[in-house]
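Chemist: I have a structure here, written as structure tokens, and I will follow up with some questions on it.
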Amino acid sequence: MKKIINLLKNNMKKIILVTFGSILVSAGIYFFIVDYKIPMGGLSGFAIAVQNLYPKLQIGYVMTVLNVILFIISYMFLGKEYVGYTLYSSLVVSNGITFFENVFPLQNPLTENILLSLIIGILISGIGIAIVLMQDATTGGTEIIASIVNKYSHIEMSKSILIVDAFVVVFGMYAINIEVGLYALVALGLNTLVIDWAISGLNTRINMMIITKEYDLVNKYIINTMVRGTTVYTAEGGYSKEEKKIINTVVSRKEYFNIRSYINKVDSKAFVTMNYVNEVVGEGFTYDYDD
């Protein structure tokens with residue numbers, strides 16, 4: 001019991017983010033996509049198509065049953081290490097949709113514009129999927145099948161997902177109609193773009209290169225106040241031949257503006273460059289600083 005409690009404490013931030021992302025996925029699907037019955041790939045798309053054939057079945061229940069079957073298969077073919085957060089996320093998504101179906105039953109779509117509803121739904125669910133993926137988890141479903149295809153056929157994961165989702169779209173064309181299937185194809189492409197955009201946007205950091213005569217003050221400010229690591233280089237001016245100190249650090253956007261403001265106070269003639277970094281792996285970013 002103590003081990004479980006300690007595990008929860010150590011991973012509380014990750015659990016909260018996976019939960020929040022999964023709820024966004026279920027909300028985006030239920031409020032903006034389900035009523036138009038667009039099988040845009042994934043387990044949710046398959047469940048939407050199944051419900052169209054058997055209207056009495058609730059989408060959330062269909063997803064839950066299918067998730068259980070898929071996780072048994074994943075345990076057999078991929079091993080227990082794969083399951084963890086993916087199982088948790090998939091259950092939050094499927095039960096989240098079931099909760100919305102029972103607590104907020106929709107008589108009509110929130111908007112009569114199918115493209116507007118599709119875009120908003122994909123935007124919300126895509127951001128949710130990105131949050132989950134950034135925690136080294138997935139929302140389960142057809143991604144499990146894609147992982148098995150990837151493992152045994154060596155087809156790239158992105159292509160495996162596309163192949164599996166394409167089968168879902170084809171099934172959706174059969175279960176509903178071709179026009180809805182074409183909307184699903186558009187949704188597939190848009191969903192991929194949103195996820196890629198969200199992952200790069202949410203994970204963006206700024207790399208700063210600072211040349212200043214007050215490098216000691218600036219360096220201490222970054223380390224002590226911003227609690228960020230730095231690397232200090234010794235260089236020589238190409239024209240002046242003077243020795244210079246260059247501070248290199250990677251920070252968040254908010255920290256960047258704070259540091260830039262501090263530099264202006266202590267050395268208005270400092271030279272500062274910045275560029276965006278899509279991903280940072282290391283101390284202070286993907287894991288905490290050592291004590």
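The chains in the structure tokens are called A, B, ... from first to last as shown; in each chain the residues are counted from 1, and the ligands are counted from 1 in the order shown.
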Residues near Val277 in chain A, anyone? I mean within 12 Å using only C-alpha atoms, not counting same-chain ones fewer than 4 positions away, as an MDAnalysis selection string.

Modeler: chainID A and resid 200:208 249:253 281

Chemist: Select from range 47-254 of chain A everything DSSP, run on the backbone, classes as alpha helix (DSSP H), then give the selection as a VMD selection string.

Modeler: chain A and resid 47 to 53 59 to 78 84 to 103 114 to 133 142 to 153 157 to 175 178 to 202 215 to 220 253 to 254

Chemist: Which residue, A:Ile15, A:Asn102, A:Glu243, A:Gly60, has the smallest gap to Gly84 in chain A when you use only C-alpha atoms?

Modeler: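 Looking only at the distances to Gly84 in chain A, the closest residue turns out to be A:Ile15.
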
Chemist: Could you tell me how far CA of Leu43 in chain A lies from CA of Leu66 in chain A, in Å and to one decimal?

Modeler: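 Spanning CA of Leu43 in chain A to CA of Leu66 in chain A is a straight-line distance of 7.9 Å.
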
Chemist: Return the single residue from A:Ile148, A:Ala184, A:Leu57, A:Met173 that is closest to Tyr75 in chain A, with distances computed using only C-alpha atoms.

Modeler: A:Ile148

Chemist: Can you pull out every residue within 8 Å of Leu188 in chain A, counting only C-alpha atoms, but drop anything in the same chain fewer than 3 positions away, and send it as a PyMOL selection string?

Modeler: chain A and resi 40-41+184-185+191-192

Chemist: Which residue gives the smallest distance to Thr19 in chain A among A:Leu217, A:Leu116, A:Leu87, A:Leu182, with only C-alpha atoms counted?

Modeler: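 For Thr19 in chain A, the nearest of the given residues is A:Leu87.
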
Chemist: Return the single residue from A:Gly189, A:Val180, A:Glu101, A:Ser160 that is closest to Ile119 in chain A, with distances computed using only C-alpha atoms.

Modeler: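 Selected residue with least distance to Ile119 in chain A: A:Gly189.
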
Chemist: Please measure the separation of CA of Thr64 in chain A and CA of Glu112 in chain A, giving the value in Å to one decimal.

Modeler: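 Computed distance, CA of Thr64 in chain A to CA of Glu112 in chain A, equals 29.0 Å.
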
Chemist: Report as a PDB file with N, CA and C atoms, in the first residue's frame all protein, DNA and RNA residues lying within 8 Å of Ala130 in chain A, evaluated on only C-alpha atoms, omitting residues in the same chain fewer than 5 positions from it.

Modeler:
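Result went into selection31.pdb, see below:
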```pdb
ATOM      1  N   GLY A  21      -5.796  15.833 -20.154  1.00  0.00           N
ATOM      2  CA  GLY A  21      -5.741  15.623 -21.594  1.00  0.00           C
ATOM      3  C   GLY A  21      -6.805  14.650 -22.065  1.00  0.00           C
ATOM      4  N   ILE A 195      -2.308  17.900 -33.616  1.00  0.00           N
ATOM      5  CA  ILE A 195      -1.477  17.216 -32.619  1.00  0.00           C
ATOM      6  C   ILE A 195      -0.021  17.660 -32.742  1.00  0.00           C
ATOM      7  N   ASP A 196       0.499  17.702 -33.981  1.00  0.00           N
ATOM      8  CA  ASP A 196       1.881  18.134 -34.196  1.00  0.00           C
ATOM      9  C   ASP A 196       2.087  19.568 -33.736  1.00  0.00           C
ATOM     10  N   ALA A 198       0.263  21.237 -31.500  1.00  0.00           N
ATOM     11  CA  ALA A 198       0.117  21.328 -30.040  1.00  0.00           C
ATOM     12  C   ALA A 198       1.365  20.829 -29.326  1.00  0.00           C
ATOM     13  N   ILE A 199       1.932  19.708 -29.794  1.00  0.00           N
ATOM     14  CA  ILE A 199       3.120  19.165 -29.150  1.00  0.00           C
ATOM     15  C   ILE A 199       4.285  20.137 -29.252  1.00  0.00           C
TER      16      ILE A 199
END
```

Chemist: Taking only C-alpha atoms into account, name the residue in A:Gly126, A:Gly96, A:Pro109, A:Gly45 that is nearest to Trp197 in chain A.

Modeler: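 Closest residue, counting only C-alpha atoms: A:Gly126.
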
Chemist: Ile120 in chain A: which residues within 12 Å, counting only C-alpha atoms, same-chain residues fewer than 6 positions away excluded, as a PyMOL selection string?

Modeler: chain A and resi 24-25+27-33+110-111+113-114+126-127+187+190-191+194

Chemist: Which residue gives the smallest distance to Val93 in chain A among A:Val68, A:Ala49, A:Ile23, A:Ile131, with only C-alpha atoms counted?

Modeler: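 Ranked by minimum distance to Val93 in chain A, first place goes to A:Ile23.
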